[in-house]
>>> print(open('start_12.cif').read())   # mmCIF, C-alpha atoms
data_query
loop_
_atom_site.label_atom_id
_atom_site.label_comp_id
_atom_site.auth_asym_id
_atom_site.auth_seq_id
_atom_site.Cartn_x
_atom_site.Cartn_y
_atom_site.Cartn_z
CA MET K 923 79.52 80.67 51.63
CA ALA K 924 80.12 83.36 54.32
CA LEU K 925 79.66 82.20 57.94
CA LYS K 926 76.65 84.01 59.41
CA TYR K 927 78.19 84.66 62.86
CA LEU K 928 81.20 86.55 61.53
CA ILE K 929 81.29 90.29 62.26
CA ASP K 930 82.33 92.07 59.12
CA ASN K 931 83.71 95.19 60.83
CA LEU K 932 87.00 95.42 62.70
CA ILE K 933 86.37 96.14 66.40
CA GLN K 934 88.48 99.20 67.09
CA LYS K 935 86.34 101.21 69.43
CA ASN K 936 86.64 101.45 73.22
CA ASP K 937 83.76 100.20 75.29
CA ASN K 938 82.08 102.89 77.32
CA PHE K 939 83.23 101.43 80.65
CA GLU K 940 86.81 102.15 79.52
CA LEU K 941 85.91 105.68 78.49
CA ILE K 942 84.09 106.30 81.79
CA ARG K 943 87.07 105.03 83.78
CA ASP K 944 89.41 107.34 81.90
CA GLN K 945 86.96 110.22 82.29
CA ILE K 946 86.83 109.73 86.07
CA ALA K 947 90.62 109.96 86.23
CA LEU K 948 90.61 113.03 84.01
CA ILE K 949 87.93 114.75 86.12
CA LEU K 950 89.93 114.12 89.31
CA SER K 951 93.22 115.25 87.82
CA ALA K 952 91.81 118.37 86.17
CA ASN K 953 89.85 119.40 89.26
CA SER K 954 92.86 118.90 91.49
CA GLU K 955 94.82 121.32 89.32
CA ASN K 956 91.91 123.73 89.28
CA GLN K 957 91.55 123.60 93.06
CA MET K 958 95.24 124.39 93.40
CA THR K 959 94.76 127.41 91.12
CA LEU K 960 91.74 128.56 93.13
CA ALA K 961 93.70 128.18 96.36
CA THR K 962 96.62 130.17 94.98
CA ASN K 963 94.29 132.90 93.79
CA ALA K 964 92.76 133.01 97.27
CA GLY K 965 96.17 133.42 98.88
CA LEU K 966 96.10 129.89 100.34
CA ASP K 967 98.58 127.02 100.16
CA PRO K 968 97.72 124.96 97.05
CA GLU K 969 99.58 121.81 98.18
CA PRO K 970 96.66 120.33 100.18
CA TYR K 971 94.73 120.13 96.91
CA ARG K 972 97.38 118.27 94.95
CA LEU K 973 96.46 114.72 93.97
CA ASN K 974 98.57 112.29 91.93
CA VAL K 975 96.08 110.34 89.82
CA PHE K 976 96.84 106.92 88.37
CA LEU K 977 94.91 104.41 86.27
CA GLU K 978 94.69 100.67 86.92
CA ARG K 979 97.85 100.43 89.00
CA THR K 980 98.21 97.43 91.32
CA ASN K 981 101.01 98.80 93.42
CA PRO K 982 100.71 102.59 93.38
CA TRP K 983 102.03 103.14 96.90
CA ARG K 984 105.50 102.43 95.60
CA TYR K 985 105.28 105.99 94.26
CA PHE K 986 105.83 107.11 97.86
CA ASP K 987 109.01 105.11 97.93
CA VAL K 988 112.51 106.34 98.31
CA ASP K 989 113.98 107.39 95.02
CA GLU K 990 117.41 106.17 94.15
CA GLN K 991 118.97 109.57 94.72
CA SER K 992 117.74 110.12 98.23
CA THR K 993 116.95 108.37 101.46
CA GLU K 994 113.69 110.32 101.90
CA PRO K 995 110.34 109.48 100.28
CA GLY K 996 109.98 111.48 97.10
CA ASP K 997 106.43 112.80 97.03
CA TYR K 998 103.97 113.12 99.90
CA ALA K 999 100.86 114.12 97.94
CA PRO K 1000 98.02 111.58 98.12
CA LEU K 1001 97.82 109.00 95.38
CA ILE K 1002 94.54 108.27 93.63
CA ASN K 1003 94.19 105.02 91.69
CA VAL K 1004 91.14 104.65 89.44
CA SER K 1005 90.23 101.11 88.45
CA PHE K 1006 87.30 99.38 86.78
CA ASP K 1007 85.92 96.48 88.79
CA SER K 1008 82.79 95.07 87.16
CA PHE K 1009 79.50 95.80 85.45
CA GLU K 1010 76.04 94.17 85.50
CA ASN K 1011 73.54 94.28 82.70
CA ASP K 1012 69.94 95.44 83.16
CA PRO K 1013 67.92 93.21 80.80
CA SER K 1014 64.75 95.25 81.20
CA SER K 1015 66.32 98.28 79.51
CA SER K 1016 68.56 96.47 77.07
CA ASP K 1017 68.00 94.84 73.73
CA GLY K 1018 69.91 91.98 72.27
CA THR K 1019 70.78 93.82 69.10
CA ASP K 1020 71.91 97.37 69.63
CA GLN K 1021 72.04 98.98 73.05
CA GLN K 1022 72.56 97.56 76.52
CA THR K 1023 72.18 99.33 79.83
CA ASN K 1024 74.82 98.41 82.38
CA THR K 1025 75.70 99.41 85.92
CA ALA K 1026 79.45 99.51 86.48
CA ILE K 1027 81.47 99.69 89.67
CA PHE K 1028 84.67 101.72 89.71
CA TYR K 1029 87.07 101.85 92.63
CA ILE K 1030 88.91 105.02 93.46
CA ASP K 1031 91.61 104.11 95.98
CA CYS K 1032 92.97 107.06 97.95
CA PHE K 1033 96.45 106.52 99.39
CA GLY K 1034 97.93 108.79 102.05
CA THR K 1035 101.38 108.60 103.53
CA GLY K 1036 102.66 110.06 106.76
CA LEU K 1037 106.13 110.40 108.17
CA SER K 1038 107.00 110.53 111.82
CA GLU K 1039 108.73 113.85 112.16
CA LYS K 1040 110.48 115.82 114.84
CA LYS K 1041 108.80 118.98 116.01
CA SER K 1042 109.87 121.61 118.49
CA THR K 1043 108.58 119.49 121.33
CA GLY K 1044 108.25 115.78 120.72
CA PHE K 1045 107.20 114.46 117.29
CA THR K 1046 104.29 113.91 114.93
CA SER K 1047 103.07 110.35 114.47
CA GLY K 1048 103.41 108.92 110.99
CA ASP K 1049 100.59 106.41 111.41
CA LYS K 1050 98.02 109.10 112.31
CA ALA K 1051 99.35 111.43 109.63
CA SER K 1052 98.91 108.80 106.92
CA ILE K 1053 95.30 108.12 107.91
CA LEU K 1054 94.42 111.82 108.00
CA GLU K 1055 96.03 112.27 104.58
CA ALA K 1056 94.04 109.38 103.09
CA GLN K 1057 90.81 110.76 104.61
CA ARG K 1058 91.55 114.18 103.21
CA ALA K 1059 92.13 112.66 99.78
CA VAL K 1060 88.86 110.72 99.81
CA LYS K 1061 87.06 113.88 100.91
CA LEU K 1062 88.40 115.74 97.87
CA VAL K 1063 87.57 112.85 95.54
CA ARG K 1064 84.01 112.52 96.82
CA ASN K 1065 83.35 116.23 96.54
CA ILE K 1066 84.73 116.37 93.02
CA LEU K 1067 82.82 113.35 91.68
CA MET K 1068 79.53 114.22 93.38
CA ALA K 1069 79.63 117.90 92.43
CA ALA K 1070 76.58 119.00 90.47
CA THR K 1071 78.71 119.84 87.44
CA ASN K 1072 79.76 116.20 87.25
CA ARG K 1073 76.21 114.85 87.35
CA TYR K 1074 76.84 112.83 84.18
CA LEU K 1075 80.63 112.78 84.42
CA GLY K 1076 80.69 115.00 81.36
CA MET K 1077 79.19 112.17 79.32
CA GLN K 1078 75.52 113.00 79.14
CA GLY K 1079 73.83 110.62 76.78
CA ILE K 1080 76.08 107.78 77.83
CA VAL K 1081 76.04 108.12 81.61
CA ALA K 1082 72.61 108.20 83.22
CA LEU K 1083 73.55 108.01 86.87
CA ARG K 1084 76.59 108.11 89.12
CA GLU K 1085 76.68 107.71 92.85
CA VAL K 1086 79.14 106.94 95.64
CA THR K 1087 78.15 103.59 97.10
CA GLU K 1088 80.71 103.28 99.88
CA VAL K 1089 83.93 104.54 101.42
CA VAL K 1090 85.84 101.83 103.26
CA LYS K 1091 89.19 101.68 104.93
CA VAL K 1092 91.55 99.14 103.41
CA SER K 1093 93.81 97.54 105.95
CA LEU K 1094 97.44 97.49 105.01
CA ALA K 1095 98.52 96.21 108.41
CA VAL K 1096 100.96 93.38 108.24
CA LYS K 1097 99.59 90.40 110.11
CA GLY K 1098 101.30 87.32 111.28
CA THR K 1099 104.73 88.89 111.13
CA GLU K 1100 106.79 90.68 113.72
CA THR K 1101 107.54 93.66 111.53
CA VAL K 1102 105.65 96.66 110.16
CA PRO K 1103 106.55 98.75 107.12
CA ILE K 1104 108.88 101.66 107.82
CA ASP K 1105 106.64 103.97 105.76
CA HIS K 1106 103.06 104.48 106.90
CA VAL K 1107 100.56 104.21 104.06
CA SER K 1108 96.80 104.29 104.62
CA VAL K 1109 94.13 103.63 102.02
CA TYR K 1110 90.45 104.48 101.72
CA ARG K 1111 88.48 102.93 98.87
CA LEU K 1112 85.62 104.90 97.34
CA GLY K 1113 83.17 102.85 95.31
CA LEU K 1114 81.46 104.66 92.42
CA LYS K 1115 78.42 103.15 90.73
CA VAL K 1116 77.73 104.36 87.20
CA ARG K 1117 74.68 103.49 85.10
CA TYR K 1118 75.41 103.86 81.41
CA VAL K 1119 74.63 102.56 77.94
CA GLU K 1120 76.82 100.40 75.78
CA GLN K 1121 76.57 99.77 72.06
CA SER K 1122 77.56 96.68 70.13
CA PRO K 1123 78.75 96.03 66.57
CA GLN K 1124 75.88 96.08 64.11
CA VAL K 1125 75.19 94.18 60.91
CA THR K 1126 76.19 96.13 57.83
CA PRO K 1127 72.92 96.61 55.87
CA VAL K 1128 72.74 95.28 52.32
CA ILE K 1129 70.25 96.68 49.82
CA SER K 1130 68.25 93.72 48.60
CA GLU K 1131 65.78 95.35 46.30
CA GLY K 1132 65.37 98.87 45.02
CA ALA K 1133 62.01 100.60 44.71
CA LEU K 1134 61.35 103.99 43.19
CA ILE K 1135 58.11 105.69 44.02
CA GLN K 1136 57.15 108.87 42.34
CA VAL K 1137 54.01 110.60 43.54
CA LYS K 1138 52.15 112.39 40.82
CA HIS K 1139 48.96 114.35 41.13
CA THR K 1140 46.49 115.97 38.81
CA GLU K 1141 45.85 119.65 38.68
CA THR K 1142 43.04 119.11 41.13
CA GLY K 1143 45.40 117.42 43.56
CA ARG K 1144 44.25 113.88 43.04
CA VAL K 1145 47.17 111.62 43.66
CA ILE K 1146 48.41 109.50 40.85
CA GLY K 1147 51.25 107.25 41.90
CA SER K 1148 53.69 105.27 39.85
CA LEU K 1149 56.03 102.58 40.98
CA ASP K 1150 59.20 101.33 39.44
CA PHE K 1151 61.05 98.33 40.73
CA ASP K 1152 64.59 97.19 40.08
CA TYR K 1153 64.53 93.48 39.89
CA THR K 1154 67.52 91.29 40.46
CA LYS K 1155 67.52 87.69 39.56
CA MET M 555 128.04 80.83 135.39
CA SER M 556 124.62 79.40 134.58
CA LEU M 557 123.57 78.32 131.13
CA ARG M 558 121.22 81.25 130.99
CA GLN M 559 124.00 83.72 131.75
CA ARG M 560 126.18 82.01 129.19
CA ALA M 561 123.42 82.37 126.59
CA GLN M 562 123.12 86.08 127.39
CA ARG M 563 126.84 86.55 126.92
CA ASP M 564 126.77 84.54 123.70
CA ILE M 565 124.04 86.77 122.33
CA ALA M 566 126.03 89.86 123.25
CA ARG M 567 129.11 88.45 121.56
CA ILE M 568 127.25 87.40 118.42
CA THR M 569 125.31 90.64 117.92
CA THR M 570 128.31 92.91 118.48
CA ASN M 571 130.78 90.95 116.36
CA LYS M 572 131.32 93.32 113.43
CA SER M 573 133.40 90.80 111.54
CA HIS M 574 130.21 88.77 111.28
CA PHE M 575 126.71 90.35 111.24
CA GLY M 576 127.13 92.96 113.94
CA TRP M 577 126.58 96.48 112.66
CA PRO M 578 127.26 99.92 114.16
CA VAL M 579 124.21 102.03 115.00
CA VAL M 580 123.69 105.42 116.60
CA ILE M 581 120.99 105.68 119.25
CA SER M 582 119.49 109.08 120.04
CA TYR M 583 117.29 109.64 123.04
CA LYS M 584 116.51 112.67 125.15
CA GLY M 585 119.12 114.80 123.48
CA LYS M 586 121.99 112.31 123.82
CA GLU M 587 123.67 110.05 121.28
CA TYR M 588 125.13 106.62 121.89
CA GLN M 589 127.23 104.34 119.69
CA ALA M 590 126.32 100.67 119.79
CA ASP M 591 126.79 97.46 117.82
CA CYS M 592 123.89 95.17 117.10
CA PHE M 593 121.97 93.34 114.38
CA SER M 594 120.12 95.64 112.02
CA ASN M 595 117.84 94.92 109.07
CA ASN M 596 116.35 97.15 106.39
CA ILE M 597 114.70 94.94 103.79
CA GLY M 598 111.95 95.00 101.21
CA GLN M 599 108.92 92.82 101.90
CA THR M 600 105.49 92.49 100.46
CA PHE M 601 101.98 92.58 101.92
CA ASP M 602 98.54 92.09 100.38
CA SER M 603 95.85 94.68 101.05
CA ASP M 604 92.99 92.15 101.05
CA THR M 605 94.42 89.43 103.24
CA GLY M 606 96.89 91.42 105.31
CA THR M 607 99.64 89.00 104.50
CA VAL M 608 103.03 90.28 103.55
CA VAL M 609 103.06 91.45 99.92
CA SER M 610 105.11 94.64 99.51
CA GLY M 611 106.82 97.24 101.67
CA GLN M 612 110.05 98.02 103.42
CA THR M 613 110.69 96.86 106.98
CA ALA M 614 113.50 97.59 109.39
CA THR M 615 114.55 96.20 112.74
CA ALA M 616 117.43 96.48 115.19
CA SER M 617 118.22 93.70 117.65
CA ILE M 618 120.43 94.82 120.51
CA SER M 619 121.84 92.88 123.42
CA VAL M 620 120.95 94.01 126.95
CA ILE M 621 124.59 93.52 127.94
CA GLU M 622 125.64 95.93 125.16
CA LEU M 623 123.15 98.48 126.52
CA GLN M 624 124.46 98.07 130.03
CA ASN M 625 128.13 98.24 129.02
CA LYS M 626 127.61 101.53 127.22
CA ASN M 627 125.03 103.04 129.57
CA ILE M 628 122.45 103.23 126.83
CA PRO M 629 118.82 103.64 127.89
CA GLU M 630 116.67 100.65 127.05
CA PRO M 631 114.76 101.11 123.74
CA VAL M 632 111.17 102.18 124.19
CA ALA M 633 108.32 102.82 121.79
CA VAL M 634 107.26 106.38 122.59
CA TYR M 635 103.59 107.00 121.68
CA ASN M 636 103.17 110.34 123.42
CA GLU M 637 103.79 112.91 120.72
CA ASN M 638 104.92 115.44 123.29
CA ARG M 639 107.87 113.34 124.36
CA ASP M 640 111.20 112.68 122.69
CA PRO M 641 111.21 109.63 120.45
CA TYR M 642 113.78 106.86 120.69
CA LEU M 643 115.76 107.00 117.48
CA VAL M 644 118.10 104.54 115.79
CA SER M 645 120.18 105.31 112.73
CA PHE M 646 122.48 103.16 110.64
CA ASN M 647 123.69 103.00 107.10
CA ASP M 648 123.00 100.29 104.58
CA GLY M 649 126.60 99.41 103.81
CA LEU M 650 126.42 101.37 100.57
CA GLY M 651 127.03 104.69 102.27
CA ARG M 652 123.38 105.78 102.71
CA ASP M 653 122.20 106.64 106.21
CA PHE M 654 118.70 105.87 107.43
CA LEU M 655 117.05 107.41 110.50
CA PHE M 656 114.34 105.41 112.26
CA LYS M 657 112.09 105.74 115.27
CA VAL M 658 111.34 102.76 117.52
CA VAL M 659 107.61 101.97 117.20
CA ASP M 660 107.56 98.68 119.05
CA THR M 661 109.91 96.47 121.01
CA TYR M 662 110.04 92.74 121.63
CA PRO M 663 112.26 92.30 124.69
CA ASP M 664 113.45 88.83 125.54
CA ARG M 665 114.55 89.32 129.12
CA THR M 666 115.48 85.69 129.50
CA LEU M 667 118.20 85.74 126.88
CA GLY M 668 118.83 89.49 127.06
CA LEU M 669 117.93 90.59 123.55
CA ILE M 670 115.63 93.46 122.58
CA VAL M 671 114.20 93.48 119.06
CA CYS M 672 113.20 96.99 117.97
CA ILE M 673 110.61 97.51 115.23
CA LEU M 674 111.47 100.65 113.30
CA GLU M 675 109.68 103.25 111.21
CA ARG M 676 111.19 105.94 109.04
CA PHE M 677 111.75 109.24 110.87
CA LYS M 678 112.40 112.70 109.57
CA ASP M 679 114.72 114.80 111.66
CA GLY M 680 113.26 118.08 110.51
CA ALA M 681 116.62 119.76 110.96
#
>>> encode(input="start_12.cif", output="structure tokens")
Amino acid sequence: MALKYLIDNLIQKNDNFELIRDQIALILSANSENQMTLATNAGLDPEPYRLNVFLERTNPWRYFDVDEQSTEPGDYAPLINVSFDSFENDPSSSDGTDQQTNTAIFYIDCFGTGLSEKKSTGFTSGDKASILEAQRAVKLVRNILMAATNRYLGMQGIVALREVTEVVKVSLAVKGTETVPIDHVSVYRLGLKVRYVEQSPQVTPVISEGALIQVKHTETGRVIGSLDFDYTK
Amino acid sequence: MSLRQRAQRDIARITTNKSHFGWPVVISYKGKEYQADCFSNNIGQTFDSDTGTVVSGQTATASISVIELQNKNIPEPVAVYNENRDPYLVSFNDGLGRDFLFKVVDTYPDRTLGLIVCILERFKDGA
């Protein structure tokens, strides 16, 4: 006898929180490239619009690190790391069978690096430069995600609402030690709340009984119905 | 010679002994360069973004004896915060032939024993 709690379909689909996370990263990456094109077309430097977008990385600032061929950091463009944090279910707009309404939190961490550098008189401070870079990155991210065209993150029907809940500075200062990192990296975290629907595996329907109904009528239009049933023992 | 003076001389001898852990560095300040021997470190560490404890990163220091500075007429290391002034720079290689240029961002002078620990950040010459 088949166990009633077994799902008879293989679960191969992605949940919508995964798709939304990937879509956020895609929107940021694609818009960064588009902004660079717009800047070039306007005769402006496109580099300030370049963002390196990553998904679910725990240590993305290592991308700023020295590559093995050089003693200088390899890439100064801000890093964006998109990660899924959590979701909460809204029971009032969910059912226990088919569709649930959830509110998910995604974190978009914006990393900026700055290098102390000689200038004609004096130098530029790496610590200030890294903070300004991270702020510039979070500005771009917020404008892209909150643009009217991204009202539903390109997923209308799944996403009902998206809003920026907070932008906070993440401290990377080393405490309790007498040293600081040689490379200045600053981080701002943008929290994005997304209200969306999620579906669940359904029971495969089984036809239990068949019924054939043929509606007949007389020439005057009076309905004469007939019913046939397929019976199974 | 007092014990304190002896300790200062011992520190100078230990930090400049290149057959042990002493290492040659080049100090650049106000358009002049100076050769010196001292302790230098350039190591990978870690720091955690939530707790602020060490999780990941690269740190570098240089620890130089006051007697070494005096013997070679080297200006005392300073952390220059005014961006319109010349920074105090320290460069040294890692023993594998790669040179690193750093700016002094903080100093921990021990004027009792005559040792100045310099906290370093990466610096780009721009040349």
>>> atom_distance(input="start_12.cif", atom1="CA of Thr1043 (chain K)", atom2="CA of Gly680 (chain M)")
11.9 Å
>>> atom_distance(input="start_12.cif", atom1="CA of Ile670 (chain M)", atom2="CA of Glu630 (chain M)")
8.5 Å
>>> residues_around(input="start_12.cif", residues="Trp577 (chain M)", least_positions_apart="5", cutoff="9 Å", atoms="only C-alpha atoms", output="PDB file with C-alpha atoms, in the coordinates of the input")
ATOM      1  CA  THR M 569     125.310  90.640 117.920  1.00  0.00           C
ATOM      2  CA  THR M 570     128.310  92.910 118.480  1.00  0.00           C
ATOM      3  CA  ASN M 571     130.780  90.950 116.360  1.00  0.00           C
ATOM      4  CA  LYS M 572     131.320  93.320 113.430  1.00  0.00           C
ATOM      5  CA  ALA M 590     126.320 100.670 119.790  1.00  0.00           C
ATOM      6  CA  ASP M 591     126.790  97.460 117.820  1.00  0.00           C
ATOM      7  CA  CYS M 592     123.890  95.170 117.100  1.00  0.00           C
ATOM      8  CA  PHE M 593     121.970  93.340 114.380  1.00  0.00           C
ATOM      9  CA  SER M 594     120.120  95.640 112.020  1.00  0.00           C
ATOM     10  CA  PHE M 646     122.480 103.160 110.640  1.00  0.00           C
TER      11      PHE M 646
END
>>> resolve_selection(input="start_12.cif", expression="the PyMOL selection byres ((chain K and resi 1034) around 9)", output="list in words")
Trp983, Tyr998, Ala999, Pro1000, Leu1001, Cys1032, Phe1033, Thr1035, Gly1036, Ala1051, Ser1052, Ile1053, Leu1054, Glu1055, Ala1056, Gln1057, Arg1058, Ala1059, His1106, Val1107, Ser1108, Val1109 and Tyr1110 of chain K
>>> closest_residue(input="start_12.cif", among="M:Arg563, M:Lys678, M:His574, M:Lys626", to="chain K", atoms="only C-alpha atoms")
M:Lys678
>>> closest_residue(input="start_12.cif", among="K:Leu1083, K:Leu1037, K:Ala1070, K:Ala961", to="chain M", atoms="only C-alpha atoms")
K:Leu1037
>>> residues_around(input="start_12.cif", residues="Met1077 (chain K)", least_positions_apart="2", cutoff="10 Å", atoms="all atoms listed in the file", output="JSON list (two decimals) with C-alpha atoms, in the coordinates of the input")
[["chain", "number", "residue", "atom", "x", "y", "z"],
["K", 938, "ASN", "CA", 82.08, 102.89, 77.32],
["K", 941, "LEU", "CA", 85.91, 105.68, 78.49],
["K", 942, "ILE", "CA", 84.09, 106.30, 81.79],
["K", 945, "GLN", "CA", 86.96, 110.22, 82.29],
["K", 1072, "ASN", "CA", 79.76, 116.20, 87.25],
["K", 1073, "ARG", "CA", 76.21, 114.85, 87.35],
["K", 1074, "TYR", "CA", 76.84, 112.83, 84.18],
["K", 1075, "LEU", "CA", 80.63, 112.78, 84.42],
["K", 1079, "GLY", "CA", 73.83, 110.62, 76.78],
["K", 1080, "ILE", "CA", 76.08, 107.78, 77.83],
["K", 1081, "VAL", "CA", 76.04, 108.12, 81.61],
["K", 1082, "ALA", "CA", 72.61, 108.20, 83.22],
["K", 1118, "TYR", "CA", 75.41, 103.86, 81.41]]
>>> residues_around(input="start_12.cif", residues="Phe939 (chain K)", least_positions_apart="5", cutoff="12 Å", atoms="only C-alpha atoms", output="list in words")
Asp944, Gln945, Ile946, Ser1005, Phe1006, Asp1007, Ser1008, Phe1009, Glu1010, Thr1023, Asn1024, Thr1025, Ala1026, Ile1027, Phe1028, Met1077, Ile1080, Val1081, Lys1115, Val1116, Arg1117, Tyr1118, Val1119, Glu1120 and Gln1121 of chain K
